[in-house]
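Peer 1: I'd like to ask you about the structure that follows.
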Number of protein chains: 2
Amino acid sequence: MSAFARSRWVEEPAHVRDCSAMPAGFRHAGIACGIKDGAASGLDLGLIVADPPATVSAARFCDSGVLAAPVVVTRERCDLHAIRAVVANSGNANAATGEPGIEQARRVQEAAASALRLHPREVAVASTGVIGVLLPGERIAAAIPALAGLLRPQGAIDFAHAIRTTDALDKHVSVEVMLPSGTVTLSAQCKGAGMISPRFATMLCFIQTDALLRAHTADLLLGATVKRSFDRISVDGQLSTNDTVILQASGASGVAVEPETEDELLLREALDAVARRLALRIVADGEGARRIGCVRVRGGGEETVARVARAVANSPLVKTALFGGDPNWGRIAQAIGAALPGSAPLRFDIAIEGVTVARDGAAAAFDLGALVAAVAGDEVLYEIDLPGEGAEAELFFSDLSYDYVKINAEYTT
Amino acid sequence: MSAFARSRWVEEPAHVRDCSAMPAGFRHAGIACGIKDGAASGLDLGLIVADPPATVSAARFCDSGVLAAPVVVTRERCDLHAIRAVVANSGNANAATGEPGIEQARRVQEAAASALRLHPREVAVASTGVIGVLLPGERIAAAIPALAGLLRPQGAIDFAHAIRTTDALDKHVSVEVMLPSGTVTLSAQCKGAGMISPRFATMLCFIQTDALLRAHTADLLLGATVKRSFDRISVDGQLSTNDTVILQASGASGVAVEPETEDELLLREALDAVARRLALRIVADGEGARRIGCVRVRGGGEETVARVARAVANSPLVKTALFGGDPNWGRIAQAIGAALPGSAPLRFDIAIEGVTVARDGAAAAFDLGALVAAVAGDEVLYEIDLPGEGAEAELFFSDLSYDYVKINAEYTT
């Protein structure tokens, strides 16, 4: 995929451009080890290794009360600032699997550490797929030596395939970033199409760069980036049990990015653009999705705008209207009202694709034909103004289609 | 419809039985006045009148921040303890219509008062249908004299038809209630299929009885009943702008129901059974619904169990699994976790139709074949036990089907 081709909602910084090269110091691989039985692609186990021992990293996880075993193991047993390798599988989330699930995740972690001659605390594990089925750790551990043998500098495509579940769109990006101190490469592989909600990442995303970063800088950059990208999307409002985002910086480019420099600022912009592009890609690939919506809410306090944005983005009525190309702004008004009980009469304005459809809480005169044409596009912008100054929230969401139902009614335990 | 035919979740008190009679003192009517253009049934305006001047009443409304004009007018301009008449229309919600919407609602209220020789404060108005389109108050007002001419003791079926929108199932119930002091009749007409969420009624329901009640008793009875029925259902998690429930007691049976008597207790049971039956009927008629789910959450505090029950009932992943007859309990676990962030590791048990599928937060051994057969029925029970004692929440919800998408992608502004 091109990193900056399709959405008006992704900035295209001048110092960032698509490339086919991968960041120096990294190797990737993917293999089929039989976790997904009968799946078309077959690839279901992926591995990333950063060769330089001085690699730094940062990580973020979802905050569900039901955390998958790989999240628990990575969070509790890894040095999150020094992750050298990531083993990730699809076809099985290893969530709600209790102590046996933890043991299987550790077995995978240890098998990878052994094959790569690393300490287990340097190996992160991640899983995605069906919840509640014990991970076949023995089978995975047995496949790891062969997987390690497939590691190569251009292996990211295989890795990206191996972490897919219901994803239809490719989610691999590689860009070069021109910094004052030199050029670095930034690459990311991501998965996510369902169980996607704005309360953090709800997906897997692995980001590599050959920039030379301090661990603290990696952590700051990742935290800021996640807030502007994966935190702002919703396919179905359903927070996952397995979300994991890991940034690794190998330093292999020799380009040092020092704190509070122009280098840091520009790298952050690049990271931001890549993560935002991938986040939108997840929304575009939302299970069964045809169109992407963006809701921007302004006015009132931080909590108010966030609550309204989520209510609109997660409303099945708004989502089906988006799918149907129906400029039914009454459903936006309903979602606003439901999000802010007791606030009637509420003075709000709503604009769809720049056309004001409601002003001061009531219908405005508008050209229905023009609006119908505007909502027939791939991306639809909903702007909501509430009384008061200040806060603003933005959220990207997919529509709700027949295919979402089909995928989720037939995607079996 | 039979009041007590189809759900194991509705009690059938021995002192309550179906009847075709209507409560004495009430007349109903329905007419087509062209609000719904092109609709098949045509009926779109309904009227209820309680003839005895001593009629008492009680009412409840939704708490949306975007309240429809009829809700505002009824709440602010009626004597809610002495409602004699109700005018209700379908095809137009008169919500998000600003001051002109209020004026149209008042015009309807005044036209009905004039035709019935009542004071406007004795006439409640209610609307359901598309949001954001001004109610054609003049057209409705012009139709009211003819509508009043159609009022008759057996007119409830016409009234019930006139308030339908996407409803496919009939929602009219009439029962006789054997009280120690005598027999009274209880009748209710209800509508609701979409924009249905557990935070109160999210529908229209009009209940009549010929019991002789004090206004305070009517209010207490209605409040308690709503909490156990319309407060506990979700079709799509979307709180409406127009919800209205009105109970009217004409006293025409001469059977007085005094506070804190066996009469009151038994009438409350009857009201409860009728409201619960109608609430489940709304869920069964949830737009496109094939199956009803019931989630019961036990353990922990009141807020915890309510939050978990709503998360499960509103999850599109759980709803599509219910539709697909898929016993995918992993999605229940995901919803529990999402509802209780930061609580990992959470020890929960899940049973589906009495089969324990997860214990202490992890998969339990179970007979998949038996479970698949159990979830193929019309009603599926999900029981969740959380750590701790005490609280319990129960919620009824519909599945999410192709037809929900179809109805909502094609139901036009």
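Starting from 1 in every chain, residues are counted up; chains themselves are A, B, ... following the order of the structure tokens, and ligands are numbered from 1 as listed.
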Neighbours of Pro316 of chain B within 12 Å (only C-alpha atoms; same-chain residues fewer than 6 positions away dropped), as a count of residues only?
Peer 2: 41
Peer 1: Applying 8 Å and only C-alpha atoms, which residues near segment 185-187 of chain A remain after dropping the ones on its own chain fewer than 4 positions away? List them as an NGL selection string.
Peer 2: :A and (21-24 or 172-177 or 207-211 or 271)
Peer 1: What are the residues of chain B lining chain A at 6 Å or less? Count only C-alpha atoms, and put the answer as a VMD selection string.
Peer 2: chain B and resid 63 to 66 96 to 98 131 to 132 239 320 to 321 324 328 330 337 to 338 340 to 344 361 to 363 402 405 408 to 409 413
Peer 1: Go ahead and compute the interatomic distance for atom CA of Gly182 of chain B and atom CA of Asp170 of chain B, in Å to one decimal.
Peer 2: 29.1 Å
Peer 1: Counting only C-alpha atoms, which residue out of A:Ala391, A:Leu179, A:Ala270, A:Ala370 sits closest to Arg298 of chain A?
Peer 2: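 Answer, going by the shortest atom-to-atom distance: A:Ala391.
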Peer 1: My list of candidates is B:Glu353, B:Asp158, B:Glu264, B:Asp79. Which is closest to Gly42 of chain B when distances are computed with only C-alpha atoms?
Peer 2: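 Smallest separation from Gly42 of chain B among the options: B:Asp158.
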Peer 1: Could you find all residues in segment 310-413 of chain A that DSSP calls strand (DSSP E) from the backbone, and write them as a list of chain:residue names?
Peer 2: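 Output for segment 310-413 of chain A, strand (DSSP E) only: A:Asp349, A:Ile350, A:Ala351, A:Ile352, A:Val355, A:Thr356, A:Val357, A:Ala358, A:Arg359, A:Ala362, A:Ala363, A:Glu379, A:Val380, A:Leu381, A:Tyr382, A:Glu383, A:Ile384, A:Asp385, A:Glu392, A:Ala393, A:Glu394, A:Leu395, A:Phe396, A:Phe397, A:Ser398.
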Peer 1: With distances taken over only C-alpha atoms, which of B:Phe396, B:Phe61, B:Phe366, B:Phe26 is nearest to Ala279 of chain B?
Peer 2: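 Nearest candidate to Ala279 of chain B out of B:Phe396, B:Phe61, B:Phe366, B:Phe26: B:Phe396.
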Peer 1: I'd like the neighbourhood of segment 165-167 of chain A as a list in words, where a residue qualifies if any of its atoms comes within 7 Å (using only C-alpha atoms), though same-chain residues fewer than 3 positions away should be ignored.
Peer 2: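 Here the qualifying residues turn out to be Ser90, Gly91, Gly129, Lys191, Gly192, Ala193 and Asp285 of chain A.
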Peer 1: What is the distance between atom CA of Ala160 of chain B and atom CA of Cys294 of chain B, in Å to one decimal?
Peer 2: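 Going from atom CA of Ala160 of chain B over to atom CA of Cys294 of chain B covers 26.5 Å.
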Peer 1: Could you pull out the alpha helix (DSSP H) residues of segment 163-376 of chain B from DSSP and send them as JSON, numbers by chain?
Peer 2: {"B": [215, 216, 217, 218, 219, 220, 221, 222, 223, 224, 225, 226, 227, 228, 262, 263, 264, 265, 266, 267, 268, 269, 270, 271, 272, 273, 274, 275, 276, 277, 278, 279, 280, 281, 282, 283, 284, 302, 303, 304, 305, 306, 307, 308, 309, 310, 311, 312, 313, 314, 316, 317, 318, 319, 320, 321, 322, 323, 324, 330, 331, 332, 333, 334, 335, 336, 337, 338, 339, 368, 369, 370, 371, 372, 373, 374]}
Peer 1: Which residues come within 8 Å of Leu150 of chain B, counting only C-alpha atoms, excluding same-chain residues fewer than 3 positions away, as a count of residues only?
Peer 2: 5
